[in-house]
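The structure appears below as structure tokens.
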Amino acid sequence: VPMNITRLADLAGTFVFAVEGALAAIDAGLDPVGVLVLAFFTALGGGIIRDVMIGATPPAAIRDPTYPVIVLAAAAVIWLLQPPEGTIPFWLLIALDAMGLGLFAVAGTEKSLDHGVHPLPAIFLGTVSGAGGGTIRDILLNQVPLLLHADIYALAGMAAAAVVVAGRRLRLPPRLLAVAAILVCCGLRLLAVAYDWQLPKHL
Amino acid sequence: VPMNITRLADLAGTFVFAVEGALAAIDAGLDPVGVLVLAFFTALGGGIIRDVMIGATPPAAIRDPTYPVIVLAAAAVIWLLQPPEGTIPFWLLIALDAMGLGLFAVAGTEKSLDHGVHPLPAIFLGTVSGAGGGTIRDILLNQVPLLLHADIYALAGMAAAAVVVAGRRLRLPPRLLAVAAILVCCGLRLLAVAYDWQLPKHL
Amino acid sequence: VPMNITRLADLAGTFVFAVEGALAAIDAGLDPVGVLVLAFFTALGGGIIRDVMIGATPPAAIRDPTYPVIVLAAAAVIWLLQPPEGTIPFWLLIALDAMGLGLFAVAGTEKSLDHGVHPLPAIFLGTVSGAGGGTIRDILLNQVPLLLHADIYALAGMAAAAVVVAGRRLRLPPRLLAVAAILVCCGLRLLAVAYDWQLPKHL
């Protein structure tokens with residue numbers, strides 16, 4: 001059932017991005033409320049933008065208390081653990097972020113297609129869902145967002161969204177499709193970081 | 001009548017934040033149109049985000065010309081007075097801002113609950129209503145928003161929102177509730193600035 | 001027919017701003033996906049904000065694949081041409097931007113009035129439509145947006161919007177009105193840059 005996959009991917013992505021937002025807040029020296037606020041925007045921002053755009057208001061993140069509860073829990077755990085800087089392996093952070101990007105790209109593309117959005121803008125919306133929360137986080141921290149400059153970042157999100165669009169055309173089973181799209185996203189992003197892949201800046 | 005309290009708090013918050021946005025624009029050396037634009041976003045940004053999220057479109061700030069008229073008037077007065085830097089007592093600015101935060105947190109929480117939003121996300125939406133305009137102002141001026149780093153800022157907004165949620169459960173009269181919530185918000189924020197209160201950054 | 005003028009102005013503005021966003025991305029040293037992403041937000045951001053605010057969701061930019069196709073084409077052409085910095089005449093960039101501002105201010109004001117928005121907020125929404133995409137571009141690139149500090153920028157957008165509002169009252173033909181509004185916008189902005197016009201910062 002595609003709707004279930006959407007919700008599952010959405011909830012998992014919320015958790016992953018809440019953890020990431022909380023870690024970024026602790027790194028930036030914010031107090032516990034700042035940790036909570038940054039975790040909220042990182043985790044829920046992408047889905048809220050997607051739902052507002054497709055007209056599914058109030059957004060799932062507002063309508064369904066499961067979302068804020070997940071964020072509260074993730075932010076509390078990270079704040080209590082308070083991992084000292086440098087403790088968290090670099091690879092774990094990159095992998096968490098790639099996972100969140102893929103999960104939300106899948107959920108965002110599925111939900112957009114379910115709302116009758118055309119495939120091309122659905123890929124755009126899926127990518128925005130995936131990268132939106134992190135972009136709001138970076139804007140709030142006054143940094144140029146990863147979305148624009150990180151190696152194979154937006155592209156990994158678009159690839160996951162494109163896999164969902166193509167797989168739906170081919171009537172592949174939704175769960176298989178979701179797993180494949182997330183693997184493509186994480187694979188592309190992690191290989192890009194590992195081997196310092198960059199797109200050519202000109203022909 | 002809760003609806004009246006919501007509107008009254010909304011209009012008062014609009015005036016207070018328009019004054020604040022105009023002062024920030026003059027401080028940043030902007031021309032009169034820049035003053036107007038920054039007053040608009042500071043005053044109307046939080047409410048617009050709230051209304052878009054709860055699906056109350058067009059937002060009150062767009063549908064009802066009272067809002068832009070208030071902003072125009074406040075921006076014009078501040079630009080004509082053109083208070084030289086340092087003339088405005090620091091405390092007046094902090095108090096105005098805390099007042100606006102409280103007024104919008106109350107209006108935002110009331111309106112969200114009236115639209116059937118669950119109490120937990122209603123506290124989130126109330127806080128976003130209160131801090132949203134100032135956050136857009138800070139982002140436009142390319143600064144890290146107060147929302148993230150100011151002492152007891154987001155917390156004061158959340159406290160006002162929580163008072164509204166709790167008071168409604170207890171069926172307290174709406175006007176009393178609004179006054180109490182605004183007092184809690186201003187009290188917390190002003191005491192925090194006065195005594196340099198900060199939340200502990202770790203246990 | 002006003003609706004046709006709205007759509008035409010919208011599509012032309014999309015093309016102009018996509019070109020501008022792609023050029024800004026290349027200047028900022030972004031890779032081809034960064035070029036595409038920045039072209040998208042610059043070209044579609046203003047219209048999406050407008051449509052979300054007036055409740056016309058999904059926004060035209062999402063519902064109608066013509067918009068993303070225009071952006072894709074413009075970004076691809078600019079990336080393939082890859083004009084070396086300094087090649088593009090300064091005046092061409094200023095003129096393109098003023099044209100996009102005027103086109104979107106006209107389309108945004110027309111569409112807002114068609115959706116029953118009051119004339120005063122319609123001028124605000126028209127200006128936001130015109131300047132919104134460029135503002136998102138500047139925020140993503142971590143710069144203070146032109147909207148706030150460029151000479152006679154927001155004012156040129158407001159003037160175009162005001163011409164549309166006034167001309168509709170006078171029942172002038174929509175096409176004539178659109179052309180007049182765009183001429184007013186471009187004229188004001190280009191003259192301001194040419195003669196270094198600035199609004200007085202105080203009386």
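Starting from 1 in every chain, residues are counted up; chains themselves are A, B, ... following the order of the structure tokens, and ligands are numbered from 1 as listed.
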Can you check which residues of chain B have any atom within 10 Å of chain C? Use only C-alpha atoms and format it as number ranges by chain. B: 25-26, 28-38, 40, 48-49, 51-53, 55-59, 61-69, 79-82, 139-143
Practice task
Skip Gly102 (chain B) itself and residues of its chain fewer than 3 positions away, then list as a list in words all residues within 6 Å of it, counting only C-alpha atoms.
Solution key: Met99, Ala105, Ile182 and Cys185 of chain B
Neighbour list for Leu183 (chain C) as a PDB file with N, CA and C atoms, in the first residue's frame, cut-off 10 Å, only C-alpha atoms, skip fewer than 5 positions in-chain:
```pdb
ATOM      1  N   ALA C  98      15.075  43.752 -14.313  1.00  0.00           N
ATOM      2  CA  ALA C  98      13.973  44.704 -14.239  1.00  0.00           C
ATOM      3  C   ALA C  98      12.771  44.179 -15.020  1.00  0.00           C
ATOM      4  N   MET C  99      13.045  43.547 -16.153  1.00  0.00           N
ATOM      5  CA  MET C  99      11.995  42.953 -16.965  1.00  0.00           C
ATOM      6  C   MET C  99      11.265  41.844 -16.188  1.00  0.00           C
ATOM      7  N   GLY C 102       9.126  43.333 -13.461  1.00  0.00           N
ATOM      8  CA  GLY C 102       7.900  43.923 -13.999  1.00  0.00           C
ATOM      9  C   GLY C 102       6.903  42.857 -14.440  1.00  0.00           C
ATOM     10  N   LEU C 103       7.387  41.836 -15.160  1.00  0.00           N
ATOM     11  CA  LEU C 103       6.498  40.777 -15.653  1.00  0.00           C
ATOM     12  C   LEU C 103       5.784  40.076 -14.500  1.00  0.00           C
ATOM     13  N   ALA C 160       4.718  49.075 -10.752  1.00  0.00           N
ATOM     14  CA  ALA C 160       4.066  48.246 -11.769  1.00  0.00           C
ATOM     15  C   ALA C 160       2.748  47.691 -11.234  1.00  0.00           C
ATOM     16  N   LEU C 177      -2.367  47.733 -20.455  1.00  0.00           N
ATOM     17  CA  LEU C 177      -2.049  47.927 -19.051  1.00  0.00           C
ATOM     18  C   LEU C 177      -0.770  47.188 -18.673  1.00  0.00           C
ATOM     19  N   ALA C 178      -0.680  45.924 -19.129  1.00  0.00           N
ATOM     20  CA  ALA C 178       0.497  45.113 -18.806  1.00  0.00           C
ATOM     21  C   ALA C 178       1.743  45.763 -19.394  1.00  0.00           C
ATOM     22  N   LEU C 188      11.765  53.006 -14.455  1.00  0.00           N
ATOM     23  CA  LEU C 188      12.167  53.488 -13.126  1.00  0.00           C
ATOM     24  C   LEU C 188      13.485  52.863 -12.690  1.00  0.00           C
ATOM     25  N   ARG C 189      13.570  51.545 -12.833  1.00  0.00           N
ATOM     26  CA  ARG C 189      14.743  50.827 -12.342  1.00  0.00           C
ATOM     27  C   ARG C 189      15.988  51.185 -13.155  1.00  0.00           C
TER      28      ARG C 189
END
```
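If you count only C-alpha atoms and ignore residues fewer than 5 places along the chain from Gly100 (chain A), what sits within 7 Å of it is Gly13, Val16, Phe17 and Gly130 of chain A.
Relative to CA of Asn4 (chain A), CA of Val164 (chain A) is found at 14.8 Å.
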Taking the chain letters and numbering used in this document, name the residues of region 18-111 of chain B that DSSP puts in helix (DSSP H, G or I), as an mmCIF file with N, CA and C atoms, in the first residue's frame.
```cif
data_model
loop_
_atom_site.group_PDB
_atom_site.id
_atom_site.type_symbol
_atom_site.label_atom_id
_atom_site.label_comp_id
_atom_site.auth_asym_id
_atom_site.auth_seq_id
_atom_site.Cartn_x
_atom_site.Cartn_y
_atom_site.Cartn_z
ATOM 1 N N ALA B 18 5.626 45.943 13.407
ATOM 2 C CA ALA B 18 5.891 46.882 12.304
ATOM 3 C C ALA B 18 6.836 47.979 12.792
ATOM 4 N N VAL B 19 6.604 48.475 14.010
ATOM 5 C CA VAL B 19 7.489 49.484 14.602
ATOM 6 C C VAL B 19 8.906 48.916 14.710
ATOM 7 N N GLU B 20 8.994 47.694 15.219
ATOM 8 C CA GLU B 20 10.300 47.077 15.401
ATOM 9 C C GLU B 20 11.029 46.846 14.078
ATOM 10 N N GLY B 21 10.294 46.358 13.072
ATOM 11 C CA GLY B 21 10.907 46.126 11.770
ATOM 12 C C GLY B 21 11.389 47.433 11.152
ATOM 13 N N ALA B 22 10.592 48.493 11.288
ATOM 14 C CA ALA B 22 10.975 49.793 10.728
ATOM 15 C C ALA B 22 12.229 50.312 11.424
ATOM 16 N N LEU B 23 12.306 50.164 12.746
ATOM 17 C CA LEU B 23 13.498 50.603 13.482
ATOM 18 C C LEU B 23 14.736 49.820 13.042
ATOM 19 N N ALA B 24 14.571 48.509 12.859
ATOM 20 C CA ALA B 24 15.703 47.683 12.417
ATOM 21 C C ALA B 24 16.165 48.115 11.029
ATOM 22 N N ALA B 25 15.216 48.476 10.160
ATOM 23 C CA ALA B 25 15.556 48.892 8.800
ATOM 24 C C ALA B 25 16.314 50.214 8.817
ATOM 25 N N ILE B 26 15.887 51.152 9.678
ATOM 26 C CA ILE B 26 16.581 52.447 9.773
ATOM 27 C C ILE B 26 17.997 52.227 10.301
ATOM 28 N N ASP B 27 18.115 51.369 11.323
ATOM 29 C CA ASP B 27 19.441 50.999 11.838
ATOM 30 C C ASP B 27 20.344 50.431 10.757
ATOM 31 N N PRO B 32 13.420 54.561 2.473
ATOM 32 C CA PRO B 32 12.050 54.438 2.986
ATOM 33 C C PRO B 32 11.306 53.207 2.482
ATOM 34 N N VAL B 33 11.562 52.796 1.232
ATOM 35 C CA VAL B 33 10.871 51.595 0.750
ATOM 36 C C VAL B 33 11.419 50.354 1.456
ATOM 37 N N GLY B 34 12.725 50.334 1.711
ATOM 38 C CA GLY B 34 13.297 49.243 2.499
ATOM 39 C C GLY B 34 12.690 49.188 3.900
ATOM 40 N N VAL B 35 12.459 50.363 4.471
ATOM 41 C CA VAL B 35 11.820 50.437 5.791
ATOM 42 C C VAL B 35 10.427 49.815 5.738
ATOM 43 N N LEU B 36 9.681 50.166 4.691
ATOM 44 C CA LEU B 36 8.326 49.636 4.527
ATOM 45 C C LEU B 36 8.355 48.122 4.331
ATOM 46 N N VAL B 37 9.251 47.652 3.454
ATOM 47 C CA VAL B 37 9.321 46.216 3.156
ATOM 48 C C VAL B 37 9.684 45.421 4.414
ATOM 49 N N LEU B 38 10.676 45.905 5.153
ATOM 50 C CA LEU B 38 11.085 45.163 6.347
ATOM 51 C C LEU B 38 9.989 45.206 7.422
ATOM 52 N N ALA B 39 9.289 46.347 7.532
ATOM 53 C CA ALA B 39 8.165 46.425 8.474
ATOM 54 C C ALA B 39 7.077 45.423 8.089
ATOM 55 N N PHE B 40 6.785 45.315 6.789
ATOM 56 C CA PHE B 40 5.792 44.352 6.310
ATOM 57 C C PHE B 40 6.138 42.928 6.723
ATOM 58 N N PHE B 41 7.362 42.503 6.387
ATOM 59 C CA PHE B 41 7.705 41.111 6.654
ATOM 60 C C PHE B 41 7.784 40.825 8.148
ATOM 61 N N THR B 42 8.327 41.771 8.904
ATOM 62 C CA THR B 42 8.426 41.555 10.344
ATOM 63 C C THR B 42 7.031 41.452 10.964
ATOM 64 N N ALA B 43 6.124 42.314 10.514
ATOM 65 C CA ALA B 43 4.797 42.377 11.135
ATOM 66 C C ALA B 43 3.870 41.277 10.632
ATOM 67 N N LEU B 44 3.966 40.944 9.348
ATOM 68 C CA LEU B 44 2.962 40.048 8.772
ATOM 69 C C LEU B 44 3.497 38.636 8.512
ATOM 70 N N GLY B 45 4.825 38.460 8.569
ATOM 71 C CA GLY B 45 5.411 37.165 8.222
ATOM 72 C C GLY B 45 4.931 36.020 9.094
ATOM 73 N N GLY B 46 4.931 36.218 10.404
ATOM 74 C CA GLY B 46 4.538 35.147 11.317
ATOM 75 C C GLY B 46 3.095 34.715 11.100
ATOM 76 N N GLY B 47 2.199 35.682 10.977
ATOM 77 C CA GLY B 47 0.781 35.368 10.786
ATOM 78 C C GLY B 47 0.521 34.716 9.443
ATOM 79 N N ILE B 48 1.264 35.156 8.417
ATOM 80 C CA ILE B 48 1.077 34.556 7.091
ATOM 81 C C ILE B 48 1.515 33.091 7.115
ATOM 82 N N ILE B 49 2.667 32.804 7.729
ATOM 83 C CA ILE B 49 3.132 31.418 7.831
ATOM 84 C C ILE B 49 2.092 30.571 8.578
ATOM 85 N N ARG B 50 1.602 31.105 9.702
ATOM 86 C CA ARG B 50 0.578 30.384 10.472
ATOM 87 C C ARG B 50 -0.659 30.094 9.625
ATOM 88 N N ASP B 51 -1.193 31.124 8.946
ATOM 89 C CA ASP B 51 -2.427 30.938 8.185
ATOM 90 C C ASP B 51 -2.233 29.993 7.009
ATOM 91 N N VAL B 52 -1.074 30.077 6.348
ATOM 92 C CA VAL B 52 -0.797 29.165 5.241
ATOM 93 C C VAL B 52 -0.748 27.728 5.762
ATOM 94 N N MET B 53 -0.135 27.547 6.945
ATOM 95 C CA MET B 53 0.003 26.183 7.482
ATOM 96 C C MET B 53 -1.335 25.593 7.905
ATOM 97 N N ILE B 54 -2.209 26.414 8.511
ATOM 98 C CA ILE B 54 -3.489 25.834 8.938
ATOM 99 C C ILE B 54 -4.495 25.848 7.792
ATOM 100 N N ALA B 60 -5.139 36.187 6.779
ATOM 101 C CA ALA B 60 -5.808 37.393 7.268
ATOM 102 C C ALA B 60 -5.044 38.643 6.832
ATOM 103 N N ALA B 61 -3.713 38.585 6.864
ATOM 104 C CA ALA B 61 -2.890 39.752 6.541
ATOM 105 C C ALA B 61 -3.073 40.197 5.094
ATOM 106 N N ILE B 62 -3.556 39.309 4.242
ATOM 107 C CA ILE B 62 -3.774 39.614 2.822
ATOM 108 C C ILE B 62 -5.237 39.946 2.577
ATOM 109 N N ARG B 63 -6.118 39.235 3.286
ATOM 110 C CA ARG B 63 -7.555 39.354 3.035
ATOM 111 C C ARG B 63 -8.103 40.640 3.626
ATOM 112 N N THR B 66 -6.915 45.985 6.933
ATOM 113 C CA THR B 66 -6.499 46.618 8.192
ATOM 114 C C THR B 66 -5.017 46.347 8.470
ATOM 115 N N TYR B 67 -4.576 45.125 8.170
ATOM 116 C CA TYR B 67 -3.185 44.766 8.472
ATOM 117 C C TYR B 67 -2.183 45.620 7.696
ATOM 118 N N PRO B 68 -2.262 45.639 6.343
ATOM 119 C CA PRO B 68 -1.288 46.505 5.647
ATOM 120 C C PRO B 68 -1.419 47.977 6.029
ATOM 121 N N VAL B 69 -2.623 48.446 6.342
ATOM 122 C CA VAL B 69 -2.780 49.856 6.719
ATOM 123 C C VAL B 69 -2.022 50.136 8.020
ATOM 124 N N ILE B 70 -2.134 49.215 8.980
ATOM 125 C CA ILE B 70 -1.391 49.379 10.238
ATOM 126 C C ILE B 70 0.114 49.435 9.963
ATOM 127 N N VAL B 71 0.588 48.544 9.102
ATOM 128 C CA VAL B 71 2.023 48.504 8.812
ATOM 129 C C VAL B 71 2.467 49.804 8.141
ATOM 130 N N LEU B 72 1.703 50.245 7.133
ATOM 131 C CA LEU B 72 2.020 51.501 6.451
ATOM 132 C C LEU B 72 2.111 52.654 7.452
ATOM 133 N N ALA B 73 1.125 52.744 8.340
ATOM 134 C CA ALA B 73 1.090 53.846 9.301
ATOM 135 C C ALA B 73 2.292 53.770 10.237
ATOM 136 N N ALA B 74 2.564 52.585 10.771
ATOM 137 C CA ALA B 74 3.681 52.447 11.715
ATOM 138 C C ALA B 74 5.008 52.773 11.034
ATOM 139 N N ALA B 75 5.201 52.265 9.800
ATOM 140 C CA ALA B 75 6.455 52.516 9.089
ATOM 141 C C ALA B 75 6.600 54.007 8.786
ATOM 142 N N ALA B 76 5.512 54.655 8.393
ATOM 143 C CA ALA B 76 5.571 56.085 8.066
ATOM 144 C C ALA B 76 5.938 56.905 9.309
ATOM 145 N N VAL B 77 5.296 56.606 10.427
ATOM 146 C CA VAL B 77 5.578 57.354 11.661
ATOM 147 C C VAL B 77 7.044 57.185 12.059
ATOM 148 N N ILE B 78 7.521 55.959 12.045
ATOM 149 C CA ILE B 78 8.910 55.718 12.461
ATOM 150 C C ILE B 78 9.880 56.411 11.497
ATOM 151 N N TRP B 79 9.573 56.378 10.202
ATOM 152 C CA TRP B 79 10.479 56.998 9.244
ATOM 153 C C TRP B 79 10.476 58.522 9.400
ATOM 154 N N LEU B 80 9.289 59.081 9.680
ATOM 155 C CA LEU B 80 9.220 60.544 9.869
ATOM 156 C C LEU B 80 9.940 60.959 11.146
ATOM 157 N N LEU B 81 9.752 60.181 12.213
ATOM 158 C CA LEU B 81 10.420 60.522 13.481
ATOM 159 C C LEU B 81 11.923 60.313 13.361
ATOM 160 N N PHE B 90 17.230 50.898 25.046
ATOM 161 C CA PHE B 90 17.387 49.469 24.850
ATOM 162 C C PHE B 90 16.200 48.692 25.431
ATOM 163 N N TRP B 91 15.753 49.105 26.587
ATOM 164 C CA TRP B 91 14.684 48.387 27.258
ATOM 165 C C TRP B 91 13.372 48.473 26.518
ATOM 166 N N LEU B 92 13.145 49.630 25.882
ATOM 167 C CA LEU B 92 11.907 49.790 25.125
ATOM 168 C C LEU B 92 11.873 48.774 23.979
ATOM 169 N N LEU B 93 13.013 48.604 23.294
ATOM 170 C CA LEU B 93 13.071 47.654 22.176
ATOM 171 C C LEU B 93 12.832 46.220 22.634
ATOM 172 N N ILE B 94 13.505 45.862 23.733
ATOM 173 C CA ILE B 94 13.331 44.496 24.259
ATOM 174 C C ILE B 94 11.878 44.261 24.679
ATOM 175 N N ALA B 95 11.289 45.292 25.317
ATOM 176 C CA ALA B 95 9.911 45.141 25.794
ATOM 177 C C ALA B 95 8.928 45.065 24.627
ATOM 178 N N LEU B 96 9.129 45.925 23.605
ATOM 179 C CA LEU B 96 8.268 45.878 22.414
ATOM 180 C C LEU B 96 8.313 44.493 21.787
ATOM 181 N N ASP B 97 9.530 43.972 21.645
ATOM 182 C CA ASP B 97 9.692 42.690 20.992
ATOM 183 C C ASP B 97 9.045 41.563 21.793
ATOM 184 N N ALA B 98 9.217 41.599 23.100
ATOM 185 C CA ALA B 98 8.614 40.571 23.955
ATOM 186 C C ALA B 98 7.092 40.661 23.888
ATOM 187 N N MET B 99 6.589 41.892 23.833
ATOM 188 C CA MET B 99 5.145 42.114 23.716
ATOM 189 C C MET B 99 4.622 41.517 22.405
ATOM 190 N N GLY B 100 5.298 41.819 21.298
ATOM 191 C CA GLY B 100 4.886 41.283 19.997
ATOM 192 C C GLY B 100 4.933 39.759 19.987
ATOM 193 N N LEU B 101 6.013 39.213 20.556
ATOM 194 C CA LEU B 101 6.148 37.752 20.639
ATOM 195 C C LEU B 101 4.962 37.153 21.389
ATOM 196 N N GLY B 102 4.618 37.740 22.525
ATOM 197 C CA GLY B 102 3.506 37.231 23.327
ATOM 198 C C GLY B 102 2.170 37.380 22.616
ATOM 199 N N LEU B 103 1.926 38.561 22.036
ATOM 200 C CA LEU B 103 0.645 38.807 21.351
ATOM 201 C C LEU B 103 0.440 37.807 20.217
ATOM 202 N N PHE B 104 1.475 37.602 19.394
ATOM 203 C CA PHE B 104 1.325 36.681 18.264
ATOM 204 C C PHE B 104 1.300 35.224 18.719
ATOM 205 N N ALA B 105 2.020 34.910 19.794
ATOM 206 C CA ALA B 105 1.974 33.525 20.288
ATOM 207 C C ALA B 105 0.546 33.208 20.742
ATOM 208 N N VAL B 106 -0.089 34.168 21.424
ATOM 209 C CA VAL B 106 -1.476 33.969 21.855
ATOM 210 C C VAL B 106 -2.399 33.842 20.644
ATOM 211 N N ALA B 107 -2.320 34.820 19.722
ATOM 212 C CA ALA B 107 -3.204 34.803 18.548
ATOM 213 C C ALA B 107 -2.992 33.530 17.726
ATOM 214 N N GLY B 108 -1.718 33.151 17.562
ATOM 215 C CA GLY B 108 -1.408 31.984 16.745
ATOM 216 C C GLY B 108 -1.911 30.692 17.368
ATOM 217 N N THR B 109 -1.769 30.573 18.678
ATOM 218 C CA THR B 109 -2.229 29.355 19.345
ATOM 219 C C THR B 109 -3.757 29.274 19.320
ATOM 220 N N GLU B 110 -4.416 30.407 19.656
ATOM 221 C CA GLU B 110 -5.888 30.451 19.616
ATOM 222 C C GLU B 110 -6.402 30.041 18.230
ATOM 223 N N LYS B 111 -5.850 30.671 17.210
ATOM 224 C CA LYS B 111 -6.355 30.425 15.854
ATOM 225 C C LYS B 111 -6.098 28.975 15.428
#
```
